[in-house]
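Colleague: Have a look at the structure that comes next, please.
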Amino acid sequence: MRREASIAHVDLDAMFAAVEQRDKVSLRGRPVIVGGVAGRGVVATASYEARRFGARSAMPTAEARRRCPPGTAFLAPRFPAYRRTSEVVMAVLAEVSPLVEQVSIDEAYVDLAAADRHDLSVPGVTRLAEQVRAAIAAATGGVTASIGVGTSKLIAKIGSDLHKPDGLTVAAPGTEQALLHPLPVTRLPGVGPATADRLRRAGLHTIGELTRTPLPELIDWFGQAHGAGLYRLARADDDRAVVGEREAKSVSAEETFDVDLTDRTRLNTEIDLLATRVGGRLRTGGLSARTITIKIRHYDFTTITRSTTRAQPTDDPRLVAQIARRLLADIDTSGGIRLLGVGVTTLAGFVQDDLFGSSADDLFGSLTPDHVDSASHDHVGSPTHDHVDSASHGHVGSPIHHHVDSAAHRSSSSTHDHVGSPVGDRPDPAGADRPASGVGAPASGVGTPASGVGTPANGVGAPANSVGAPANGVGAAAAFAVSGWRPGQDVRHDTHGAGWVWGSGRGVVTVRFEGPATPPGPVLTFAADDPALHPADPPDWTVALPA
């Protein structure tokens with residue numbers, strides 16, 4: 001903990017939803033859900049308008065549909081747009097300090113003292129933080145950030161969350177415990193459902209109550225590392241430094257299934273596919289790993305992990321798959337598996353398998369079991385997941401015009417995969433057919449397609465809308481007619497210009513033609529294989545309307 005409040009935590013507010021509202025003018029001020037849009041999809045981000053109805057991150061999308069009103073937009077993620085916005089924000093922060101620690105796409109720590117030019121008094125850092133918030137909003141086209149400033153990472157992180165959205169909390173030196181004590185224990189990092197439940201059973205609900213618990217009791221309940229960590233954090237004892245460059249600590253991929261899986265052969269096939277994605281990421285990053293982990297979520301949402309550590313690191317997806325299969329073999333899957341994941345940790349920058357010429361089967365003798373069985377998510381720094389309308393078809397290239405927001409459009413039924421038209425537009429008098437369920441919808445996770453068009457086999461890093469012509473010569477629109485246009489996807493029409501997919505299914509795709517700097521635009525429907533309709537890059541929010 002420092003003598004001055006010189007560490008800032010900058011957290012973009014509901015970033016994915018905020019970027020969607022920025023780029024889709026008709027969605028501003030309205031509930032927006034970003035994530036898996038069909039089946040067993042999960043909410044990645046809910047706008048603050050949607051949160052008022054109880055929607056939240058990690059909630060099943062089906063539950064969010066039940067809670068949110070007609071007119072709520074359910075969109076698949078557009079990671080290229082989010083990355084562009086993140087890069088702009090990080091550039092703004094780099095102007096403030098040479099020491100910025102980006103911890104995710106939407107948050108970072110900033111060491112204000114490292115610049116050696118800022119007034120670090122409480123009024124000084126307050127003014128500076130206000131300037132940073134304004135600069136971020138201006139540079140990103142209106143995406144807001146909440147900022148916490150304190151004497152440690154812990155205080156800064158908690159502070160940034162206290163007055164969202166677009167909030168600011170500056171904790172003066174010496175006020176840390178006064179800030180922490182009234183807060184629930186779940187505000188502390190590492191306090192997940194299992195830890196919180198144990199503390200509740202002990203009558204400990206707030207951080208202040210936790211400080212009155214002797215260290216030996218916490219160690220007895222949670223073990224040396226976790227117990228001692230809770231003891232220190234409850235007392236604002238945090239001396240972690242801001243680290244400019246963070247090395248990857250883990251690589252993982254996971255899949256959520258539309259139907260619970262029990263068949264071992266199918267589960268092993270999924271293991272192979274996940275291991276291929278993990279191995280591809282390892283090789284792309286020039287990394288290898290010693291510890292292989294599988295994650296299983298049962299039908300009742302009970303989540304367990306199993307892991308094994310090898311003597312030598314590997315980047316071979318075949319070996320990762322074989323080890324993961326063996327871990328899975330010890331788990332009862334008869335009740336049904338909802339989610340399956342494969343991950344690797346204990347990363348290294350070299351591989352030694354090939355030096356010995358050993359086959360994958362020969363190498364199992366060097367494994368040391370390291371079984372972990374967790375029904376909660378209390379682990380800090382867990383592996384990152386490899387995951388982000390008409391009955392009349394008309395003539396190809398001839399749009400079928402519809403006004404937005406008929407009762408059928410507003411339905412949140414799982415049999416429709418359209419965005420959910422914004423409230424306030426005129427109803428559709430034609431009562432046209434709506435898209436079929438699941439068209440263009442991500443298969444799992446929080447909406448990142450496992451193997452969608454334009455996504456490499458390992459599912460990492462490639463823009464979901466960067467689709468070229470397939471090898472067989474079929475055009476992009478024809479390819480999407482097969483694979484499905486995703487709700488919210490950026491598109492361009494040769495005649496009508498830029499827009500985004502409002503919904504798709506039954507051989508048609510509905511597009512709203514508007515952008516960040518236009519008025520709300522018209523909604524037109526085309527044949528899904530219309531050769532004039534193309535996937536597009538995210539719009540440029542800095543382009544002003546013509547005079």
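Simple scheme: letters A, B, ... for chains in structure tokens order, numbers from 1 for residues in each chain, numbers from 1 for ligands in the order shown.
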For range 218-221 of chain A, work out the shell of residues within 8 Å, counting only C-alpha atoms and skipping chain neighbours fewer than 6 positions away, then give it as a CSV table (one decimal) with all heavy atoms, in the first residue's frame.

Modeller:
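Ended up saving to result04.csv:
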```
chain,number,residue,atom,x,y,z
A,227,GLY,N,-6.7,-18.4,3.1
A,227,GLY,CA,-7.0,-17.8,4.4
A,227,GLY,C,-6.2,-16.6,4.7
A,227,GLY,O,-6.7,-15.6,5.1
A,228,ALA,N,-4.9,-16.7,4.5
A,228,ALA,CA,-4.0,-15.6,4.7
A,228,ALA,C,-4.3,-14.4,3.8
A,228,ALA,O,-4.2,-13.3,4.1
A,228,ALA,CB,-2.5,-16.0,4.6
A,230,LEU,N,-7.2,-13.6,2.4
A,230,LEU,CA,-8.4,-13.0,2.9
A,230,LEU,C,-8.1,-12.1,4.1
A,230,LEU,O,-8.6,-10.9,4.2
A,230,LEU,CB,-9.5,-14.0,3.2
A,230,LEU,CG,-10.1,-14.7,2.0
A,230,LEU,CD1,-11.1,-15.8,2.6
A,230,LEU,CD2,-10.9,-13.8,1.1
A,231,TYR,N,-7.3,-12.6,5.0
A,231,TYR,CA,-6.9,-11.8,6.2
A,231,TYR,C,-6.3,-10.5,5.8
A,231,TYR,O,-6.6,-9.4,6.3
A,231,TYR,CB,-6.0,-12.6,7.0
A,231,TYR,CG,-5.6,-12.0,8.3
A,231,TYR,CD1,-6.5,-12.2,9.5
A,231,TYR,CD2,-4.4,-11.3,8.5
A,231,TYR,CE1,-6.1,-11.6,10.7
A,231,TYR,CE2,-4.1,-10.7,9.7
A,231,TYR,CZ,-4.9,-10.9,10.8
A,231,TYR,OH,-4.6,-10.3,12.0
```

Colleague: Within 8 Å of range 89-110 of chain A, which residues of range 118-217 of chain A show up? Give each one with its shortest atom-to-atom distance in Å (one decimal) and the two atoms involved, counting only C-alpha atoms, rows by chain then rising residue number, as a Markdown table.

Modeller:
```
| residue | atom | partner | partner_atom | distance |
| --- | --- | --- | --- | --- |
| A:Val132 | CA | A:Leu93 | CA | 7.6 |
| A:Ala135 | CA | A:Val92 | CA | 7.1 |
| A:Ile136 | CA | A:Val89 | CA | 6.0 |
| A:Ala139 | CA | A:Val89 | CA | 7.5 |
| A:Thr140 | CA | A:Val89 | CA | 7.3 |
| A:Lys153 | CA | A:Tyr109 | CA | 7.5 |
```

Colleague: I need the chosen residues saved as a CSV table (one decimal), in the first residue's frame, with all heavy atoms.

Modeller:
```
chain,number,residue,atom,x,y,z
A,132,VAL,N,-9.4,12.0,-17.6
A,132,VAL,CA,-9.2,10.7,-18.2
A,132,VAL,C,-10.6,10.2,-18.7
A,132,VAL,O,-10.8,9.7,-19.8
A,132,VAL,CB,-8.5,9.7,-17.3
A,132,VAL,CG1,-8.6,8.3,-17.9
A,132,VAL,CG2,-7.1,10.1,-17.1
A,135,ALA,N,-11.7,12.2,-21.7
A,135,ALA,CA,-10.9,11.8,-22.8
A,135,ALA,C,-11.3,10.5,-23.4
A,135,ALA,O,-11.4,10.3,-24.6
A,135,ALA,CB,-9.4,11.8,-22.5
A,136,ILE,N,-11.6,9.5,-22.6
A,136,ILE,CA,-12.1,8.2,-23.0
A,136,ILE,C,-13.4,8.3,-23.8
A,136,ILE,O,-13.6,7.8,-24.9
A,136,ILE,CB,-12.2,7.2,-21.9
A,136,ILE,CG1,-10.8,6.8,-21.4
A,136,ILE,CG2,-13.0,6.0,-22.3
A,136,ILE,CD1,-10.8,6.0,-20.1
A,139,ALA,N,-12.8,10.0,-27.2
A,139,ALA,CA,-12.1,9.2,-28.1
A,139,ALA,C,-12.8,8.0,-28.6
A,139,ALA,O,-12.6,7.5,-29.7
A,139,ALA,CB,-10.8,8.7,-27.5
A,140,THR,N,-13.8,7.5,-27.8
A,140,THR,CA,-14.5,6.2,-28.2
A,140,THR,C,-15.9,6.5,-28.7
A,140,THR,O,-16.6,5.5,-29.0
A,140,THR,CB,-14.6,5.3,-27.0
A,140,THR,OG1,-15.4,6.0,-25.9
A,140,THR,CG2,-13.3,4.9,-26.4
A,153,LYS,N,-3.9,-1.6,-5.6
A,153,LYS,CA,-4.8,-2.1,-6.6
A,153,LYS,C,-6.2,-2.5,-6.1
A,153,LYS,O,-7.2,-2.3,-6.7
A,153,LYS,CB,-4.1,-3.4,-7.3
A,153,LYS,CG,-3.1,-3.1,-8.3
A,153,LYS,CD,-2.6,-4.4,-8.9
A,153,LYS,CE,-1.7,-4.2,-10.1
A,153,LYS,NZ,-1.3,-5.5,-10.7
```

Colleague: Residues at most 8 Å from range 337-343 of chain A, counting only C-alpha atoms, excluding those fewer than 2 positions away in the same chain, as a ChimeraX atom specification?

Modeller: /A:250-262,270-271,274-275,278,292-299,301,324,333,335,345,383

Colleague: Rank nothing, just name the residue among A:Ile147, A:Glu176, A:Thr265, A:Val37 nearest to His163 in chain A, using only C-alpha atoms.

Modeller: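 Distance minimum relative to His163 in chain A lands on A:Ile147.
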
Colleague: Of the residues A:Ala241, A:Leu188, A:Val88, A:Leu204, which is the one nearest to Ala137 in chain A, using only C-alpha atoms?

Modeller: A:Val88

Colleague: Env of Thr276 in chain A: 9 Å cut, atoms = only C-alpha atoms, seq-sep filter 4 positions within chain, self excluded. Answer as a VMD selection string.

Modeller: chain A and resid 271 to 272 280 to 281 316 to 318 320 to 321 457 to 458

Colleague: Write out as a PDB file with all heavy atoms, in the first residue's frame each polymer residue whose atoms come within 7 Å of Ala50 in chain A, counting only C-alpha atoms; drop sequence neighbours fewer than 3 positions from it.

Modeller:
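Saved file result.pdb follows:
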```pdb
ATOM      1  N   PRO A  31     -32.676  -1.536 -23.911  1.00  0.00           N
ATOM      2  CA  PRO A  31     -32.004  -2.723 -23.376  1.00  0.00           C
ATOM      3  C   PRO A  31     -31.276  -3.491 -24.468  1.00  0.00           C
ATOM      4  O   PRO A  31     -31.843  -3.767 -25.530  1.00  0.00           O
ATOM      5  CB  PRO A  31     -33.151  -3.551 -22.795  1.00  0.00           C
ATOM      6  CG  PRO A  31     -34.291  -2.597 -22.617  1.00  0.00           C
ATOM      7  CD  PRO A  31     -34.140  -1.585 -23.703  1.00  0.00           C
ATOM      8  N   VAL A  32     -30.030  -3.841 -24.199  1.00  0.00           N
ATOM      9  CA  VAL A  32     -29.201  -4.589 -25.146  1.00  0.00           C
ATOM     10  C   VAL A  32     -28.520  -5.722 -24.389  1.00  0.00           C
ATOM     11  O   VAL A  32     -27.940  -5.509 -23.323  1.00  0.00           O
ATOM     12  CB  VAL A  32     -28.141  -3.687 -25.809  1.00  0.00           C
ATOM     13  CG1 VAL A  32     -27.194  -4.512 -26.674  1.00  0.00           C
ATOM     14  CG2 VAL A  32     -28.800  -2.609 -26.652  1.00  0.00           C
ATOM     15  N   ALA A  46     -24.756  -7.107 -20.346  1.00  0.00           N
ATOM     16  CA  ALA A  46     -26.088  -6.515 -20.406  1.00  0.00           C
ATOM     17  C   ALA A  46     -25.952  -5.009 -20.230  1.00  0.00           C
ATOM     18  O   ALA A  46     -25.232  -4.548 -19.335  1.00  0.00           O
ATOM     19  CB  ALA A  46     -26.989  -7.095 -19.309  1.00  0.00           C
ATOM     20  N   SER A  47     -26.600  -4.253 -21.095  1.00  0.00           N
ATOM     21  CA  SER A  47     -26.575  -2.803 -20.929  1.00  0.00           C
ATOM     22  C   SER A  47     -27.256  -2.431 -19.617  1.00  0.00           C
ATOM     23  O   SER A  47     -28.018  -3.210 -19.038  1.00  0.00           O
ATOM     24  CB  SER A  47     -27.281  -2.120 -22.107  1.00  0.00           C
ATOM     25  OG  SER A  47     -28.682  -2.354 -22.048  1.00  0.00           O
ATOM     26  N   PHE A  53     -33.952  -4.752 -15.479  1.00  0.00           N
ATOM     27  CA  PHE A  53     -34.929  -5.844 -15.507  1.00  0.00           C
ATOM     28  C   PHE A  53     -34.354  -7.137 -14.943  1.00  0.00           C
ATOM     29  O   PHE A  53     -34.995  -8.187 -15.020  1.00  0.00           O
ATOM     30  CB  PHE A  53     -35.420  -6.059 -16.940  1.00  0.00           C
ATOM     31  CG  PHE A  53     -36.099  -4.855 -17.528  1.00  0.00           C
ATOM     32  CD1 PHE A  53     -35.401  -3.986 -18.347  1.00  0.00           C
ATOM     33  CD2 PHE A  53     -37.418  -4.573 -17.222  1.00  0.00           C
ATOM     34  CE1 PHE A  53     -36.011  -2.859 -18.879  1.00  0.00           C
ATOM     35  CE2 PHE A  53     -38.046  -3.451 -17.750  1.00  0.00           C
ATOM     36  CZ  PHE A  53     -37.333  -2.589 -18.577  1.00  0.00           C
ATOM     37  N   ALA A  55     -31.344  -8.573 -15.868  1.00  0.00           N
ATOM     38  CA  ALA A  55     -30.360  -9.251 -16.721  1.00  0.00           C
ATOM     39  C   ALA A  55     -28.958  -8.945 -16.217  1.00  0.00           C
ATOM     40  O   ALA A  55     -28.681  -7.844 -15.737  1.00  0.00           O
ATOM     41  CB  ALA A  55     -30.500  -8.804 -18.173  1.00  0.00           C
ATOM     42  N   CYS A  68     -36.368  -9.565 -19.716  1.00  0.00           N
ATOM     43  CA  CYS A  68     -36.328  -8.283 -20.406  1.00  0.00           C
ATOM     44  C   CYS A  68     -37.591  -8.044 -21.221  1.00  0.00           C
ATOM     45  O   CYS A  68     -38.242  -8.992 -21.682  1.00  0.00           O
ATOM     46  CB  CYS A  68     -35.099  -8.211 -21.308  1.00  0.00           C
ATOM     47  SG  CYS A  68     -33.548  -8.122 -20.390  1.00  0.00           S
TER      48      CYS A  68
END
```

Colleague: Compile the contact shell of range 206-213 of chain A as a list in words: residues with an atom at most 8 Å away, counting only C-alpha atoms, same-chain residues fewer than 6 positions apart removed.

Modeller: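 Skipping anything fewer than 6 positions along the chain leaves Leu180, His181, Pro182, Leu183, Pro184, Val185, Tyr231, Ala234 and Arg235 of chain A.
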
Colleague: Could the residues in this selection be written to a file with all heavy atoms, as a tab-separated table (two decimals), in the first residue's frame?

Modeller:
```tsv
chain	number	residue	atom	x	y	z
A	180	LEU	N	-13.75	-0.04	2.99
A	180	LEU	CA	-13.99	-1.46	2.84
A	180	LEU	C	-15.01	-2.03	3.82
A	180	LEU	O	-15.82	-2.89	3.47
A	180	LEU	CB	-12.67	-2.23	3.01
A	180	LEU	CG	-11.60	-2.06	1.93
A	180	LEU	CD1	-10.37	-2.88	2.30
A	180	LEU	CD2	-12.14	-2.49	0.57
A	181	HIS	N	-14.96	-1.59	5.06
A	181	HIS	CA	-15.70	-2.27	6.13
A	181	HIS	C	-17.20	-2.45	5.87
A	181	HIS	O	-17.75	-3.51	6.18
A	181	HIS	CB	-15.46	-1.57	7.47
A	181	HIS	CG	-14.14	-1.90	8.07
A	181	HIS	ND1	-13.81	-1.61	9.38
A	181	HIS	CD2	-13.05	-2.53	7.55
A	181	HIS	CE1	-12.58	-2.03	9.63
A	181	HIS	NE2	-12.10	-2.58	8.52
A	182	PRO	N	-17.92	-1.47	5.30
A	182	PRO	CA	-19.36	-1.67	5.11
A	182	PRO	C	-19.69	-2.59	3.93
A	182	PRO	O	-20.85	-3.01	3.79
A	182	PRO	CB	-19.89	-0.25	4.83
A	182	PRO	CG	-18.77	0.68	5.16
A	182	PRO	CD	-17.51	-0.09	4.97
A	183	LEU	N	-18.72	-2.90	3.10
A	183	LEU	CA	-19.00	-3.63	1.87
A	183	LEU	C	-19.16	-5.12	2.14
A	183	LEU	O	-18.56	-5.66	3.07
A	183	LEU	CB	-17.86	-3.42	0.86
A	183	LEU	CG	-17.60	-1.97	0.43
A	183	LEU	CD1	-16.40	-1.92	-0.52
A	183	LEU	CD2	-18.84	-1.38	-0.25
A	184	PRO	N	-19.95	-5.81	1.31
A	184	PRO	CA	-20.08	-7.26	1.47
A	184	PRO	C	-18.77	-7.96	1.19
A	184	PRO	O	-17.94	-7.48	0.39
A	184	PRO	CB	-21.15	-7.64	0.45
A	184	PRO	CG	-21.15	-6.53	-0.55
A	184	PRO	CD	-20.78	-5.29	0.20
A	185	VAL	N	-18.57	-9.11	1.78
A	185	VAL	CA	-17.31	-9.84	1.62
A	185	VAL	C	-17.09	-10.24	0.16
A	185	VAL	O	-15.95	-10.43	-0.26
A	185	VAL	CB	-17.28	-11.10	2.50
A	185	VAL	CG1	-17.19	-10.71	3.97
A	185	VAL	CG2	-18.48	-11.99	2.24
A	231	TYR	N	-7.29	-12.56	4.95
A	231	TYR	CA	-6.93	-11.80	6.15
A	231	TYR	C	-6.27	-10.47	5.76
A	231	TYR	O	-6.61	-9.41	6.30
A	231	TYR	CB	-6.00	-12.64	7.02
A	231	TYR	CG	-5.63	-12.02	8.34
A	231	TYR	CD1	-6.46	-12.18	9.45
A	231	TYR	CD2	-4.45	-11.30	8.49
A	231	TYR	CE1	-6.12	-11.62	10.67
A	231	TYR	CE2	-4.10	-10.74	9.70
A	231	TYR	CZ	-4.93	-10.89	10.80
A	231	TYR	OH	-4.59	-10.34	12.01
A	234	ALA	N	-8.76	-8.02	3.62
A	234	ALA	CA	-9.79	-7.39	4.46
A	234	ALA	C	-9.23	-6.19	5.20
A	234	ALA	O	-9.98	-5.27	5.57
A	234	ALA	CB	-10.36	-8.40	5.44
A	235	ARG	N	-7.93	-6.16	5.42
A	235	ARG	CA	-7.26	-5.05	6.10
A	235	ARG	C	-6.61	-4.09	5.13
A	235	ARG	O	-5.78	-3.27	5.53
A	235	ARG	CB	-6.21	-5.62	7.08
A	235	ARG	CG	-6.85	-6.30	8.27
A	235	ARG	CD	-5.92	-7.24	9.00
A	235	ARG	NE	-6.57	-7.77	10.21
A	235	ARG	CZ	-7.52	-8.70	10.19
A	235	ARG	NH1	-7.89	-9.24	9.04
A	235	ARG	NH2	-8.09	-9.11	11.31
```

Colleague: Among range 214-243 of chain A, which ones does DSSP assign to helix (DSSP H, G or I) (computed from the backbone)? Answer as number ranges by chain.

Modeller: A: 215-222, 224-234

Colleague: Once you have the residues from the selection above, write them out as a PDB file, in the first residue's frame, restricted to N, CA, C and O atoms.

Modeller:
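Once everything was written out, this is part-v3.pdb:
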```
ATOM      1  N   LEU A 215      -6.651 -14.856  12.254  1.00  0.00           N
ATOM      2  CA  LEU A 215      -5.976 -15.504  11.129  1.00  0.00           C
ATOM      3  C   LEU A 215      -6.010 -17.026  11.225  1.00  0.00           C
ATOM      4  O   LEU A 215      -6.280 -17.697  10.219  1.00  0.00           O
ATOM      5  N   PRO A 216      -5.740 -17.644  12.377  1.00  0.00           N
ATOM      6  CA  PRO A 216      -5.763 -19.114  12.443  1.00  0.00           C
ATOM      7  C   PRO A 216      -7.109 -19.710  12.015  1.00  0.00           C
ATOM      8  O   PRO A 216      -7.154 -20.775  11.404  1.00  0.00           O
ATOM      9  N   GLU A 217      -8.210 -19.016  12.347  1.00  0.00           N
ATOM     10  CA  GLU A 217      -9.517 -19.548  11.940  1.00  0.00           C
ATOM     11  C   GLU A 217      -9.673 -19.524  10.430  1.00  0.00           C
ATOM     12  O   GLU A 217     -10.175 -20.481   9.824  1.00  0.00           O
ATOM     13  N   LEU A 218      -9.255 -18.428   9.791  1.00  0.00           N
ATOM     14  CA  LEU A 218      -9.372 -18.335   8.336  1.00  0.00           C
ATOM     15  C   LEU A 218      -8.506 -19.397   7.657  1.00  0.00           C
ATOM     16  O   LEU A 218      -8.922 -20.001   6.655  1.00  0.00           O
ATOM     17  N   ILE A 219      -7.317 -19.630   8.184  1.00  0.00           N
ATOM     18  CA  ILE A 219      -6.441 -20.655   7.615  1.00  0.00           C
ATOM     19  C   ILE A 219      -7.057 -22.040   7.809  1.00  0.00           C
ATOM     20  O   ILE A 219      -6.993 -22.898   6.921  1.00  0.00           O
ATOM     21  N   ASP A 220      -7.688 -22.246   8.947  1.00  0.00           N
ATOM     22  CA  ASP A 220      -8.343 -23.534   9.200  1.00  0.00           C
ATOM     23  C   ASP A 220      -9.497 -23.760   8.222  1.00  0.00           C
ATOM     24  O   ASP A 220      -9.727 -24.869   7.750  1.00  0.00           O
ATOM     25  N   TRP A 221     -10.234 -22.706   7.887  1.00  0.00           N
ATOM     26  CA  TRP A 221     -11.372 -22.824   6.984  1.00  0.00           C
ATOM     27  C   TRP A 221     -10.955 -22.960   5.519  1.00  0.00           C
ATOM     28  O   TRP A 221     -11.538 -23.730   4.771  1.00  0.00           O
ATOM     29  N   PHE A 222      -9.949 -22.180   5.110  1.00  0.00           N
ATOM     30  CA  PHE A 222      -9.670 -22.036   3.681  1.00  0.00           C
ATOM     31  C   PHE A 222      -8.255 -22.454   3.271  1.00  0.00           C
ATOM     32  O   PHE A 222      -7.922 -22.382   2.081  1.00  0.00           O
ATOM     33  N   GLN A 224      -3.843 -22.276   3.987  1.00  0.00           N
ATOM     34  CA  GLN A 224      -2.853 -21.238   4.255  1.00  0.00           C
ATOM     35  C   GLN A 224      -2.929 -20.072   3.271  1.00  0.00           C
ATOM     36  O   GLN A 224      -3.035 -18.910   3.656  1.00  0.00           O
ATOM     37  N   ALA A 225      -2.874 -20.375   1.975  1.00  0.00           N
ATOM     38  CA  ALA A 225      -2.796 -19.306   0.980  1.00  0.00           C
ATOM     39  C   ALA A 225      -4.077 -18.480   0.937  1.00  0.00           C
ATOM     40  O   ALA A 225      -4.041 -17.241   1.038  1.00  0.00           O
ATOM     41  N   HIS A 226      -5.216 -19.158   0.804  1.00  0.00           N
ATOM     42  CA  HIS A 226      -6.467 -18.422   0.669  1.00  0.00           C
ATOM     43  C   HIS A 226      -6.845 -17.732   1.972  1.00  0.00           C
ATOM     44  O   HIS A 226      -7.286 -16.571   1.974  1.00  0.00           O
ATOM     45  N   GLY A 227      -6.675 -18.419   3.083  1.00  0.00           N
ATOM     46  CA  GLY A 227      -7.017 -17.824   4.364  1.00  0.00           C
ATOM     47  C   GLY A 227      -6.178 -16.602   4.680  1.00  0.00           C
ATOM     48  O   GLY A 227      -6.696 -15.562   5.110  1.00  0.00           O
ATOM     49  N   ALA A 228      -4.859 -16.722   4.466  1.00  0.00           N
ATOM     50  CA  ALA A 228      -3.979 -15.584   4.736  1.00  0.00           C
ATOM     51  C   ALA A 228      -4.263 -14.436   3.771  1.00  0.00           C
ATOM     52  O   ALA A 228      -4.181 -13.254   4.141  1.00  0.00           O
ATOM     53  N   GLY A 229      -4.607 -14.778   2.522  1.00  0.00           N
ATOM     54  CA  GLY A 229      -4.924 -13.739   1.552  1.00  0.00           C
ATOM     55  C   GLY A 229      -6.156 -12.947   1.947  1.00  0.00           C
ATOM     56  O   GLY A 229      -6.180 -11.710   1.872  1.00  0.00           O
ATOM     57  N   LEU A 230      -7.187 -13.642   2.394  1.00  0.00           N
ATOM     58  CA  LEU A 230      -8.392 -12.953   2.851  1.00  0.00           C
ATOM     59  C   LEU A 230      -8.107 -12.067   4.061  1.00  0.00           C
ATOM     60  O   LEU A 230      -8.622 -10.941   4.164  1.00  0.00           O
ATOM     61  N   TYR A 231      -7.291 -12.564   4.953  1.00  0.00           N
ATOM     62  CA  TYR A 231      -6.935 -11.798   6.153  1.00  0.00           C
ATOM     63  C   TYR A 231      -6.272 -10.473   5.762  1.00  0.00           C
ATOM     64  O   TYR A 231      -6.606  -9.409   6.304  1.00  0.00           O
ATOM     65  N   ARG A 232      -5.336 -10.537   4.813  1.00  0.00           N
ATOM     66  CA  ARG A 232      -4.628  -9.323   4.395  1.00  0.00           C
ATOM     67  C   ARG A 232      -5.537  -8.371   3.632  1.00  0.00           C
ATOM     68  O   ARG A 232      -5.548  -7.156   3.891  1.00  0.00           O
ATOM     69  N   LEU A 233      -6.288  -8.898   2.665  1.00  0.00           N
ATOM     70  CA  LEU A 233      -7.105  -8.023   1.830  1.00  0.00           C
ATOM     71  C   LEU A 233      -8.192  -7.327   2.645  1.00  0.00           C
ATOM     72  O   LEU A 233      -8.528  -6.160   2.383  1.00  0.00           O
ATOM     73  N   ALA A 234      -8.765  -8.018   3.620  1.00  0.00           N
ATOM     74  CA  ALA A 234      -9.787  -7.388   4.457  1.00  0.00           C
ATOM     75  C   ALA A 234      -9.232  -6.186   5.203  1.00  0.00           C
ATOM     76  O   ALA A 234      -9.982  -5.265   5.575  1.00  0.00           O
TER      77      ALA A 234
END
```
